[in-house]
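Chemist: Contents of my_file.pdb (PDB, C-alpha atoms) are below:
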```pdb
ATOM      1  CA  MET A 421       0.000   0.000   0.000
ATOM      2  CA  ARG A 422       2.691   2.416   1.077
ATOM      3  CA  ALA A 423       4.735   1.433  -1.939
ATOM      4  CA  ARG A 424       1.949   2.471  -4.283
ATOM      5  CA  PHE A 425       0.956   5.665  -2.509
ATOM      6  CA  LEU A 426       4.407   7.048  -1.722
ATOM      7  CA  PRO A 427       6.895   4.984  -3.719
ATOM      8  CA  HIS A 428       9.744   7.447  -3.116
ATOM      9  CA  PRO A 429       9.282   9.294   0.184
ATOM     10  CA  ILE A 430      12.527  11.237  -0.183
ATOM     11  CA  LEU A 431      11.584  12.293  -3.725
ATOM     12  CA  SER A 432       8.191  13.455  -2.443
ATOM     13  CA  LEU A 433       9.844  15.546   0.258
ATOM     14  CA  THR A 434      12.343  16.955  -2.247
ATOM     15  CA  LEU A 435       9.519  17.951  -4.608
ATOM     16  CA  LEU A 436       7.642  19.700  -1.787
ATOM     17  CA  ILE A 437      10.737  21.628  -0.697
ATOM     18  CA  THR A 438      11.603  22.482  -4.314
ATOM     19  CA  TRP A 439       8.110  23.861  -4.862
ATOM     20  CA  LEU A 440       8.316  25.967  -1.685
ATOM     21  CA  LEU A 441      11.672  27.331  -2.824
ATOM     22  CA  LEU A 442      10.257  28.087  -6.280
ATOM     23  CA  VAL A 443       7.342  30.138  -4.994
ATOM     24  CA  ASN A 444       9.730  31.602  -2.404
ATOM     25  CA  SER A 445       7.146  31.665   0.365
ATOM     26  CA  VAL A 446       5.697  29.296   2.943
ATOM     27  CA  SER A 447       1.929  29.581   2.971
ATOM     28  CA  LEU A 448      -0.879  27.056   3.281
ATOM     29  CA  ASN A 449      -1.545  27.414  -0.445
ATOM     30  CA  SER A 450       1.945  26.533  -1.532
ATOM     31  CA  ILE A 451       2.306  23.722   1.006
ATOM     32  CA  VAL A 452      -0.901  22.035  -0.189
ATOM     33  CA  PHE A 453       0.043  22.343  -3.835
ATOM     34  CA  GLY A 454       3.604  21.165  -3.093
ATOM     35  CA  ALA A 455       2.180  18.144  -1.268
ATOM     36  CA  ILE A 456      -0.018  17.326  -4.273
ATOM     37  CA  LEU A 457       3.030  17.483  -6.544
ATOM     38  CA  GLY A 458       4.977  15.349  -4.078
ATOM     39  CA  VAL A 459       2.328  12.612  -4.234
ATOM     40  CA  VAL A 460       1.392  12.708  -7.924
ATOM     41  CA  ILE A 461       4.815  12.978  -9.595
ATOM     42  CA  PRO A 462       6.401   9.949  -7.811
ATOM     43  CA  MET A 463       3.285   7.881  -8.639
ATOM     44  CA  ILE A 464       3.464   8.780 -12.337
ATOM     45  CA  THR A 465       7.210   8.202 -12.604
ATOM     46  CA  GLN A 466       7.332   5.028 -10.512
ATOM     47  CA  PRO A 467       7.432   2.616 -13.501
ATOM     48  CA  TYR A 468      10.625   4.303 -14.697
ATOM     49  CA  TRP A 469      12.326   4.051 -11.325
ATOM     50  CA  PRO A 470      11.299   0.757  -9.734
ATOM     51  CA  ASP A 471      14.015   0.327  -7.108
ATOM     52  CA  ILE A 472      14.093   2.598  -4.109
ATOM     53  CA  PRO A 473      17.709   3.654  -3.583
ATOM     54  CA  LYS A 474      18.713   2.891  -0.023
ATOM     55  CA  LEU A 475      20.589   5.502   1.941
ATOM     56  CA  ARG A 476      22.520   3.543   4.501
ATOM     57  CA  SER A 477      23.879   6.501   6.432
ATOM     58  CA  PRO A 478      22.126   9.778   5.535
ATOM     59  CA  GLY A 479      24.321  11.705   7.983
ATOM     60  CA  THR A 480      27.335  11.236   5.749
ATOM     61  CA  VAL A 481      25.540  13.060   2.912
ATOM     62  CA  ILE A 482      26.173  16.468   4.483
ATOM     63  CA  GLY A 483      29.845  15.617   4.985
ATOM     64  CA  TYR A 484      30.056  14.512   1.361
ATOM     65  CA  ILE A 485      28.468  17.760   0.105
ATOM     66  CA  LEU A 486      30.903  19.832   2.182
ATOM     67  CA  VAL A 487      33.910  17.883   0.880
ATOM     68  CA  VAL A 488      32.717  18.306  -2.716
ATOM     69  CA  LEU A 489      32.048  22.049  -2.306
ATOM     70  CA  TYR A 490      35.506  22.548  -0.815
ATOM     71  CA  ASP A 491      37.072  20.556  -3.663
ATOM     72  CA  ILE A 492      35.121  22.548  -6.263
ATOM     73  CA  VAL A 493      36.485  25.831  -4.918
ATOM     74  CA  MET A 494      40.084  24.623  -4.576
ATOM     75  CA  ALA A 495      40.164  22.892  -7.940
ATOM     76  CA  ASN A 496      38.514  25.866  -9.664
ATOM     77  CA  ILE A 497      41.485  27.952  -8.610
ATOM     78  CA  GLN A 498      43.894  25.283  -9.898
ATOM     79  CA  VAL A 499      42.163  25.117 -13.281
ATOM     80  CA  ALA A 500      42.108  28.909 -13.535
ATOM     81  CA  LEU A 501      45.871  28.954 -12.905
ATOM     82  CA  ILE A 502      46.420  26.231 -15.507
ATOM     83  CA  VAL A 503      44.339  28.107 -18.094
ATOM     84  CA  LEU A 504      46.126  31.381 -17.440
ATOM     85  CA  PHE A 505      49.737  30.423 -16.918
ATOM     86  CA  LYS A 506      50.464  26.939 -18.230
ATOM     87  CA  ARG A 507      52.072  26.865 -21.634
ATOM     88  CA  ARG A 508      50.343  24.712 -24.168
ATOM     89  CA  GLN A 509      53.233  22.297 -24.626
ATOM     90  CA  ASP A 510      53.474  21.741 -20.854
ATOM     91  CA  LEU A 511      49.873  20.632 -20.621
ATOM     92  CA  GLN A 512      49.519  16.893 -20.049
ATOM     93  CA  PRO A 513      45.935  15.801 -20.625
ATOM     94  CA  ALA A 514      45.290  12.147 -19.839
ATOM     95  CA  TRP A 515      42.600   9.494 -19.931
ATOM     96  CA  VAL A 516      42.196   7.676 -16.657
ATOM     97  CA  CYS A 517      40.272   4.486 -16.026
ATOM     98  CA  VAL A 518      38.724   4.411 -12.560
ATOM     99  CA  PRO A 519      37.624   0.913 -11.534
ATOM    100  CA  LEU A 520      34.448   1.031  -9.468
ATOM    101  CA  GLU A 521      33.506  -0.839  -6.326
ATOM    102  CA  ILE A 522      30.120   0.782  -5.953
ATOM    103  CA  ARG A 523      27.394  -0.960  -7.911
ATOM    104  CA  SER A 524      24.139   0.925  -7.405
ATOM    105  CA  PRO A 525      23.245   3.069 -10.451
ATOM    106  CA  GLU A 526      22.384   6.022  -8.226
ATOM    107  CA  ALA A 527      25.770   5.941  -6.516
ATOM    108  CA  ILE A 528      27.586   5.718  -9.865
ATOM    109  CA  THR A 529      25.534   8.650 -11.173
ATOM    110  CA  VAL A 530      26.466  10.776  -8.175
ATOM    111  CA  LEU A 531      30.123   9.812  -8.531
ATOM    112  CA  ALA A 532      30.169  10.663 -12.255
ATOM    113  CA  GLY A 533      28.495  14.001 -11.573
ATOM    114  CA  THR A 534      30.962  14.772  -8.816
ATOM    115  CA  ILE A 535      33.937  13.944 -11.036
ATOM    116  CA  THR A 536      32.662  16.315 -13.712
ATOM    117  CA  LEU A 537      31.847  19.102 -11.252
ATOM    118  CA  THR A 538      35.243  19.050  -9.602
ATOM    119  CA  PRO A 539      37.432  20.921 -12.037
ATOM    120  CA  GLY A 540      40.220  19.239 -13.929
ATOM    121  CA  THR A 541      38.340  15.992 -14.466
ATOM    122  CA  VAL A 542      35.373  15.056 -16.680
ATOM    123  CA  SER A 543      33.704  11.653 -16.559
ATOM    124  CA  CYS A 544      33.216  10.557 -20.155
ATOM    125  CA  ASP A 545      32.027   6.986 -20.326
ATOM    126  CA  LEU A 546      31.096   3.911 -18.366
ATOM    127  CA  ALA A 547      32.409   0.419 -18.980
ATOM    128  CA  GLN A 548      29.804  -1.783 -20.550
ATOM    129  CA  ASP A 549      29.346  -3.820 -17.386
ATOM    130  CA  GLY A 550      29.360  -0.703 -15.213
ATOM    131  CA  HIS A 551      32.544  -1.646 -13.376
ATOM    132  CA  ALA A 552      34.688   1.309 -14.431
ATOM    133  CA  ILE A 553      34.420   4.984 -15.343
ATOM    134  CA  LEU A 554      36.444   6.682 -18.065
ATOM    135  CA  VAL A 555      37.739  10.038 -16.858
ATOM    136  CA  HIS A 556      39.507  12.745 -18.822
ATOM    137  CA  CYS A 557      41.976  14.932 -16.922
ATOM    138  CA  LEU A 558      42.970  18.404 -18.014
ATOM    139  CA  HIS A 559      46.438  18.197 -16.527
ATOM    140  CA  ALA A 560      47.591  14.977 -14.934
ATOM    141  CA  PRO A 561      51.319  14.328 -14.703
ATOM    142  CA  ASP A 562      50.370  11.459 -12.392
ATOM    143  CA  PRO A 563      47.208   9.693 -13.663
ATOM    144  CA  ASP A 564      47.380   6.986 -10.982
ATOM    145  CA  GLY A 565      47.270   9.671  -8.310
ATOM    146  CA  VAL A 566      44.083  11.095  -9.834
ATOM    147  CA  ARG A 567      42.516   7.651  -9.794
ATOM    148  CA  ASP A 568      43.448   7.042  -6.160
ATOM    149  CA  ASP A 569      42.173  10.511  -5.203
ATOM    150  CA  ILE A 570      38.782   9.841  -6.745
ATOM    151  CA  LYS A 571      38.559   6.441  -5.097
ATOM    152  CA  SER A 572      39.584   7.552  -1.619
ATOM    153  CA  ARG A 573      37.893  10.965  -1.521
ATOM    154  CA  TYR A 574      34.559  10.295  -3.211
ATOM    155  CA  GLU A 575      33.972   6.617  -3.838
ATOM    156  CA  ALA A 576      34.748   5.550  -0.288
ATOM    157  CA  ARG A 577      32.225   8.059   1.063
ATOM    158  CA  LEU A 578      29.571   7.097  -1.502
ATOM    159  CA  LYS A 579      30.076   3.472  -0.581
ATOM    160  CA  GLU A 580      29.294   4.407   2.990
ATOM    161  CA  ILE A 581      26.213   6.436   1.966
ATOM    162  CA  PHE A 582      24.636   4.031  -0.501
ATOM    163  CA  GLY A 583      25.978   0.870   1.054
TER     164      GLY A 583
ATOM    165  CA  MET C 293      22.333  48.570   2.926
ATOM    166  CA  PRO C 294      25.192  48.499   5.462
ATOM    167  CA  LEU C 295      28.737  48.940   4.296
ATOM    168  CA  TRP C 296      29.872  45.409   5.205
ATOM    169  CA  ALA C 297      27.160  43.962   2.982
ATOM    170  CA  GLU C 298      28.112  46.190   0.066
ATOM    171  CA  ILE C 299      31.751  45.141   0.384
ATOM    172  CA  THR C 300      30.934  41.407   0.625
ATOM    173  CA  VAL C 301      28.554  41.550  -2.330
ATOM    174  CA  THR C 302      31.174  43.381  -4.372
ATOM    175  CA  VAL C 303      33.885  40.883  -3.479
ATOM    176  CA  PHE C 304      31.718  37.922  -4.514
ATOM    177  CA  LEU C 305      30.694  39.623  -7.761
ATOM    178  CA  VAL C 306      34.314  40.347  -8.662
ATOM    179  CA  ILE C 307      35.395  36.758  -7.863
ATOM    180  CA  ALA C 308      32.521  35.418  -9.955
ATOM    181  CA  GLY C 309      33.398  37.726 -12.833
ATOM    182  CA  VAL C 310      37.053  36.726 -12.794
ATOM    183  CA  PHE C 311      36.264  33.012 -12.878
ATOM    184  CA  GLY C 312      33.668  33.454 -15.596
ATOM    185  CA  LEU C 313      36.175  35.372 -17.678
ATOM    186  CA  VAL C 314      38.940  32.794 -17.126
ATOM    187  CA  GLY C 315      36.559  29.998 -18.089
ATOM    188  CA  SER C 316      35.642  31.708 -21.352
ATOM    189  CA  TYR C 317      39.285  32.498 -22.043
ATOM    190  CA  GLY C 318      40.136  28.842 -21.483
ATOM    191  CA  LEU C 319      37.611  27.901 -24.137
ATOM    192  CA  VAL C 320      39.639  29.925 -26.628
ATOM    193  CA  ARG C 321      43.100  29.066 -25.399
ATOM    194  CA  LEU C 322      43.116  25.320 -24.726
ATOM    195  CA  PRO C 323      44.214  23.176 -27.658
ATOM    196  CA  ASP C 324      41.591  20.467 -28.318
ATOM    197  CA  PRO C 325      37.912  19.647 -27.690
ATOM    198  CA  MET C 326      38.445  17.511 -24.602
ATOM    199  CA  THR C 327      40.634  20.024 -22.772
ATOM    200  CA  ARG C 328      38.329  22.837 -23.872
ATOM    201  CA  LEU C 329      35.493  21.008 -22.220
ATOM    202  CA  HIS C 330      37.179  21.527 -18.850
ATOM    203  CA  ALA C 331      37.285  25.315 -18.747
ATOM    204  CA  PRO C 332      33.594  26.195 -19.161
ATOM    205  CA  THR C 333      32.133  23.303 -17.141
ATOM    206  CA  LYS C 334      34.241  24.346 -14.192
ATOM    207  CA  ALA C 335      34.521  28.070 -14.199
ATOM    208  CA  THR C 336      30.759  28.252 -14.338
ATOM    209  CA  THR C 337      30.428  26.390 -11.054
ATOM    210  CA  LEU C 338      32.412  28.998  -9.149
ATOM    211  CA  GLY C 339      31.499  31.908 -11.449
ATOM    212  CA  VAL C 340      27.760  31.370 -11.198
ATOM    213  CA  GLY C 341      28.103  30.290  -7.564
ATOM    214  CA  GLY C 342      29.706  33.639  -6.701
ATOM    215  CA  VAL C 343      26.884  35.596  -8.354
ATOM    216  CA  LEU C 344      24.301  33.521  -6.495
ATOM    217  CA  ILE C 345      25.957  34.057  -3.104
ATOM    218  CA  ALA C 346      26.216  37.782  -3.827
ATOM    219  CA  SER C 347      22.535  37.842  -4.749
ATOM    220  CA  MET C 348      21.512  36.082  -1.538
ATOM    221  CA  ILE C 349      23.563  38.457   0.616
ATOM    222  CA  TYR C 350      22.141  41.447  -1.254
ATOM    223  CA  PHE C 351      18.513  40.483  -0.729
ATOM    224  CA  PHE C 352      19.196  39.619   2.899
ATOM    225  CA  ALA C 353      20.883  42.944   3.631
ATOM    226  CA  ALA C 354      18.750  45.229   1.471
ATOM    227  CA  GLU C 355      15.296  43.774   1.974
ATOM    228  CA  GLY C 356      15.761  41.671   5.076
ATOM    229  CA  ARG C 357      14.391  38.482   3.545
ATOM    230  CA  ILE C 358      16.077  35.212   2.762
ATOM    231  CA  SER C 359      15.879  34.517  -0.947
ATOM    232  CA  ALA C 360      15.880  30.848  -1.808
ATOM    233  CA  HIS C 361      15.717  30.988  -5.582
ATOM    234  CA  GLU C 362      19.500  31.079  -5.714
ATOM    235  CA  LEU C 363      19.733  27.706  -4.000
ATOM    236  CA  LEU C 364      17.471  26.211  -6.654
ATOM    237  CA  ILE C 365      19.503  27.738  -9.460
ATOM    238  CA  ALA C 366      22.650  26.239  -7.922
ATOM    239  CA  ILE C 367      21.039  22.799  -7.594
ATOM    240  CA  PHE C 368      19.684  22.807 -11.159
ATOM    241  CA  LEU C 369      23.059  23.954 -12.454
ATOM    242  CA  PHE C 370      24.856  21.201 -10.550
ATOM    243  CA  LEU C 371      22.418  18.651 -11.964
ATOM    244  CA  THR C 372      22.564  19.781 -15.582
ATOM    245  CA  SER C 373      26.168  20.780 -16.220
ATOM    246  CA  PRO C 374      27.679  17.263 -15.765
ATOM    247  CA  ILE C 375      25.075  15.918 -18.214
ATOM    248  CA  THR C 376      25.939  18.511 -20.847
ATOM    249  CA  ALA C 377      29.624  17.742 -20.380
ATOM    250  CA  LEU C 378      28.955  14.003 -20.676
ATOM    251  CA  PHE C 379      27.043  14.508 -23.936
ATOM    252  CA  ILE C 380      29.859  16.535 -25.467
ATOM    253  CA  ALA C 381      32.423  13.968 -24.289
ATOM    254  CA  LYS C 382      30.361  11.120 -25.763
ATOM    255  CA  VAL C 383      30.124  12.886 -29.119
ATOM    256  CA  HIS C 384      33.876  13.326 -29.034
ATOM    257  CA  LEU C 385      34.395   9.630 -28.232
ATOM    258  CA  HIS C 386      32.180   8.605 -31.151
ATOM    259  CA  LEU C 387      33.519  11.000 -33.764
ATOM    260  CA  ARG C 388      37.165  11.713 -32.992
ATOM    261  CA  GLU C 389      38.571   9.125 -30.621
ATOM    262  CA  LYS C 390      39.650   5.563 -31.290
ATOM    263  CA  PRO C 391      39.107   2.939 -28.603
ATOM    264  CA  GLU C 392      42.751   1.874 -28.949
ATOM    265  CA  ASN C 393      43.886   5.216 -27.527
ATOM    266  CA  LEU C 394      41.881   4.824 -24.343
ATOM    267  CA  PRO C 395      42.815   2.835 -21.250
ATOM    268  CA  THR C 396      40.822  -0.381 -21.134
ATOM    269  CA  PRO C 397      38.717  -1.272 -18.116
ATOM    270  CA  ARG C 398      40.276  -4.268 -16.372
ATOM    271  CA  GLU C 399      37.789  -7.104 -16.392
ATOM    272  CA  ALA C 400      35.259  -5.620 -18.740
ATOM    273  CA  ALA C 401      34.350  -5.973 -22.365
ATOM    274  CA  GLY C 402      35.011  -2.313 -23.129
ATOM    275  CA  TRP C 403      33.525   1.145 -22.911
ATOM    276  CA  ALA C 404      29.796   1.407 -23.390
ATOM    277  CA  SER C 405      30.143   3.942 -26.216
ATOM    278  CA  TYR C 406      31.888   1.400 -28.427
ATOM    279  CA  THR C 407      30.672  -1.998 -27.353
ATOM    280  CA  ALA C 408      26.970  -1.527 -26.667
ATOM    281  CA  SER C 409      24.878  -2.728 -29.540
ATOM    282  CA  GLY C 410      21.332  -1.722 -30.231
ATOM    283  CA  PRO C 411      19.816   0.872 -27.957
ATOM    284  CA  ALA C 412      22.279   2.491 -25.554
ATOM    285  CA  ARG C 413      22.662   0.237 -22.564
ATOM    286  CA  GLY C 414      22.848   1.134 -18.927
ATOM    287  CA  VAL C 415      24.085  -0.441 -15.748
ATOM    288  CA  ARG C 416      20.774  -2.078 -14.982
ATOM    289  CA  ASP C 417      21.082  -4.374 -17.985
ATOM    290  CA  PHE C 418      24.170  -5.947 -16.463
ATOM    291  CA  PRO C 419      23.563  -6.961 -12.867
ATOM    292  CA  PRO C 420      26.893  -8.008 -11.348
ATOM    293  CA  GLN C 421      27.304 -11.714 -10.784
ATOM    294  CA  ASP C 422      27.894 -11.586  -7.051
ATOM    295  CA  GLU C 423      24.600  -9.836  -6.297
ATOM    296  CA  PRO C 424      21.060 -11.007  -6.966
ATOM    297  CA  ALA C 425      19.429  -9.306  -9.934
ATOM    298  CA  SER C 426      17.033  -6.531  -9.009
ATOM    299  CA  PRO C 427      13.390  -7.594  -9.256
ATOM    300  CA  VAL C 428      11.663  -6.480 -12.425
ATOM    301  CA  ALA C 429       9.015  -3.843 -11.791
ATOM    302  CA  ASP C 430       5.469  -5.001 -12.146
ATOM    303  CA  THR C 431       3.889  -2.208 -14.135
ATOM    304  CA  SER C 432       0.758  -4.087 -15.169
ATOM    305  CA  HIS C 433      -1.538  -2.529 -12.588
TER     306      HIS C 433
END
```
What does this structure look like when you write it as structure tokens?
Modeler:
Amino acid sequence: MRARFLPHPILSLTLLITWLLLVNSVSLNSIVFGAILGVVIPMITQPYWPDIPKLRSPGTVIGYILVVLYDIVMANIQVALIVLFKRRQDLQPAWVCVPLEIRSPEAITVLAGTITLTPGTVSCDLAQDGHAILVHCLHAPDPDGVRDDIKSRYEARLKEIFG
Amino acid sequence: MPLWAEITVTVFLVIAGVFGLVGSYGLVRLPDPMTRLHAPTKATTLGVGGVLIASMIYFFAAEGRISAHELLIAIFLFLTSPITALFIAKVHLHLREKPENLPTPREAAGWASYTASGPARGVRDFPPQDEPASPVADTSH
């Protein structure tokens, strides 16, 4: 019963909050309409998203977001310096293959998004069996280091979050 | 608006402007499509982020209300920009790159761009051997 009425409770909550942020006010009107959206949209989209992703430790999510934000700022500065001051012939772009231990599609999606958002690396492709991500680095004199960074900084945390 | 707010807003706007400019300059300066992809996808995160923070501080200081639209813009941007980047990278893989030049995944058949036949395949089509396959959704009702 619960599965049919609220198949994705977190999605429902997210939709409600998103709606409140969109109208930029908290009134009875907007809460009721946000609640309707939060019930109807997950019901309509349920066939496309059958499995409920399990968050094993939701507390780690905030830590993960903070780490990623910090990395975005630091790496933005690095990329800006590379763009401005590195001579073209000194640039060492590289393809890196990052083997994955996480298996849930949601976790892999978050990891790929994180890799692209943190400057200097773009996730480009997934291995056919989903066991590795292809990453392009703007400047990587040490490709193995990049791979280990991604695995220890992001994948380990995602493994904890998604289990 | 108090002076401290004006100064903070200005600082964030200048930071945002500098990063936006560097990102656009990188688009011109870097040598090939893949490296060019890096500059705009990144500089926008901090460039747009700076403008959004400045906007929030401005509305808080000038009108005394907390504006939440900026948070939404940031979230939507963070959701969409990796997807755009992935699309451009995929096009590059298909048109310009040869699979021989890429590192091969260890145990796998190859990268999805080259090996998948028929409709583009995703992770769900290949449940790993050591875990039970996810139950198929019953969509009949």
Chemist: Could you work out which residues of chain A fall inside 8 Å of chain C? Count all atoms listed in the file, and format the result as a ChimeraX atom specification.
Modeler: /A:438,441-442,444,467,470-471,492-493,496,499-500,503-504,508,513,515-519,523,525,532-533,536-552,554,556-558
Chemist: Work out how far apart atom CA of Val488 of chain A and atom CA of Val530 of chain A are and give it in Å to one decimal.
Modeler: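 It comes out at 11.2 Å.
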Chemist: Under the PyMOL selection byres ((chain A and resi 526) around 10), which residues of this model are included? Write them out as a list in words.
Modeler: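 Taken over the shown coordinates, the PyMOL selection byres ((chain A and resi 526) around 10) returns Ile472, Pro473, Lys474, Ile522, Arg523, Ser524, Pro525, Ala527, Ile528, Thr529, Val530, Leu531, Ala532, Leu578 and Phe582 of chain A.
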Chemist: For C-alpha atoms, I'd like the residues from the last selection saved as a compact mmCIF listing (two decimals), in the coordinates of the input.
Modeler:
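And here's selection_15.txt as it stands now:
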```txt
# COMPACT_ATOMS: atom_id res chain seq x y z
CA ILE A 472 14.09 2.60 -4.11
CA PRO A 473 17.71 3.65 -3.58
CA LYS A 474 18.71 2.89 -0.02
CA ILE A 522 30.12 0.78 -5.95
CA ARG A 523 27.39 -0.96 -7.91
CA SER A 524 24.14 0.92 -7.40
CA PRO A 525 23.24 3.07 -10.45
CA ALA A 527 25.77 5.94 -6.52
CA ILE A 528 27.59 5.72 -9.86
CA THR A 529 25.53 8.65 -11.17
CA VAL A 530 26.47 10.78 -8.18
CA LEU A 531 30.12 9.81 -8.53
CA ALA A 532 30.17 10.66 -12.26
CA LEU A 578 29.57 7.10 -1.50
CA PHE A 582 24.64 4.03 -0.50
```
Chemist: Between atom CA of Phe505 of chain A and atom CA of Ile535 of chain A, measure the distance and give it in Å to one decimal.
Modeler: 23.6 Å
Chemist: Report, in Å to a single decimal, how far apart atom CA of Ile553 of chain A and atom CA of Ile570 of chain A are.
Modeler: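 Taking atom CA of Ile570 of chain A and atom CA of Ile553 of chain A, their separation equals 10.8 Å.
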Chemist: Any chance you could resolve the PyMOL selection byres ((chain A and resi 440) around 10) against this file and give the residues as a ChimeraX atom specification?
Modeler: /A:434-439,441-447,450-451,453-455 /C:360-361
Chemist: Using C-alpha atoms, can you export the residues from the last selection as a compact mmCIF listing (two decimals), in the coordinates of the input?
Modeler:
```
# COMPACT_ATOMS: atom_id res chain seq x y z
CA THR A 434 12.34 16.95 -2.25
CA LEU A 435 9.52 17.95 -4.61
CA LEU A 436 7.64 19.70 -1.79
CA ILE A 437 10.74 21.63 -0.70
CA THR A 438 11.60 22.48 -4.31
CA TRP A 439 8.11 23.86 -4.86
CA LEU A 441 11.67 27.33 -2.82
CA LEU A 442 10.26 28.09 -6.28
CA VAL A 443 7.34 30.14 -4.99
CA ASN A 444 9.73 31.60 -2.40
CA SER A 445 7.15 31.66 0.36
CA VAL A 446 5.70 29.30 2.94
CA SER A 447 1.93 29.58 2.97
CA SER A 450 1.94 26.53 -1.53
CA ILE A 451 2.31 23.72 1.01
CA PHE A 453 0.04 22.34 -3.84
CA GLY A 454 3.60 21.16 -3.09
CA ALA A 455 2.18 18.14 -1.27
CA ALA C 360 15.88 30.85 -1.81
CA HIS C 361 15.72 30.99 -5.58
```
Chemist: Return as AutoDock Vina command-line options the box centre and box size in Å, one decimal, for an axis-aligned box around all listed atoms of segment 512-524 of chain A padded by 8 Å per side.
Modeler:
```
--center_x 36.8 --center_y 8.0 --center_z -13.3 --size_x 41.4 --size_y 33.9 --size_z 30.7
```
Chemist: Rank nothing, just name the residue among A:Leu475, A:Val487, A:His559, A:Gln466 nearest to Gln509 of chain A, using only C-alpha atoms.
Modeler: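 Ranked by minimum distance to Gln509 of chain A, first place goes to A:His559.
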Chemist: Using all atoms listed in the file, which of the listed residues (C:Gly342, C:Ser347, C:Ala354, C:Leu369) sits closest to Val306 of chain C?
Modeler: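 Of the candidates, the smallest distance to Val306 of chain C is held by C:Gly342.
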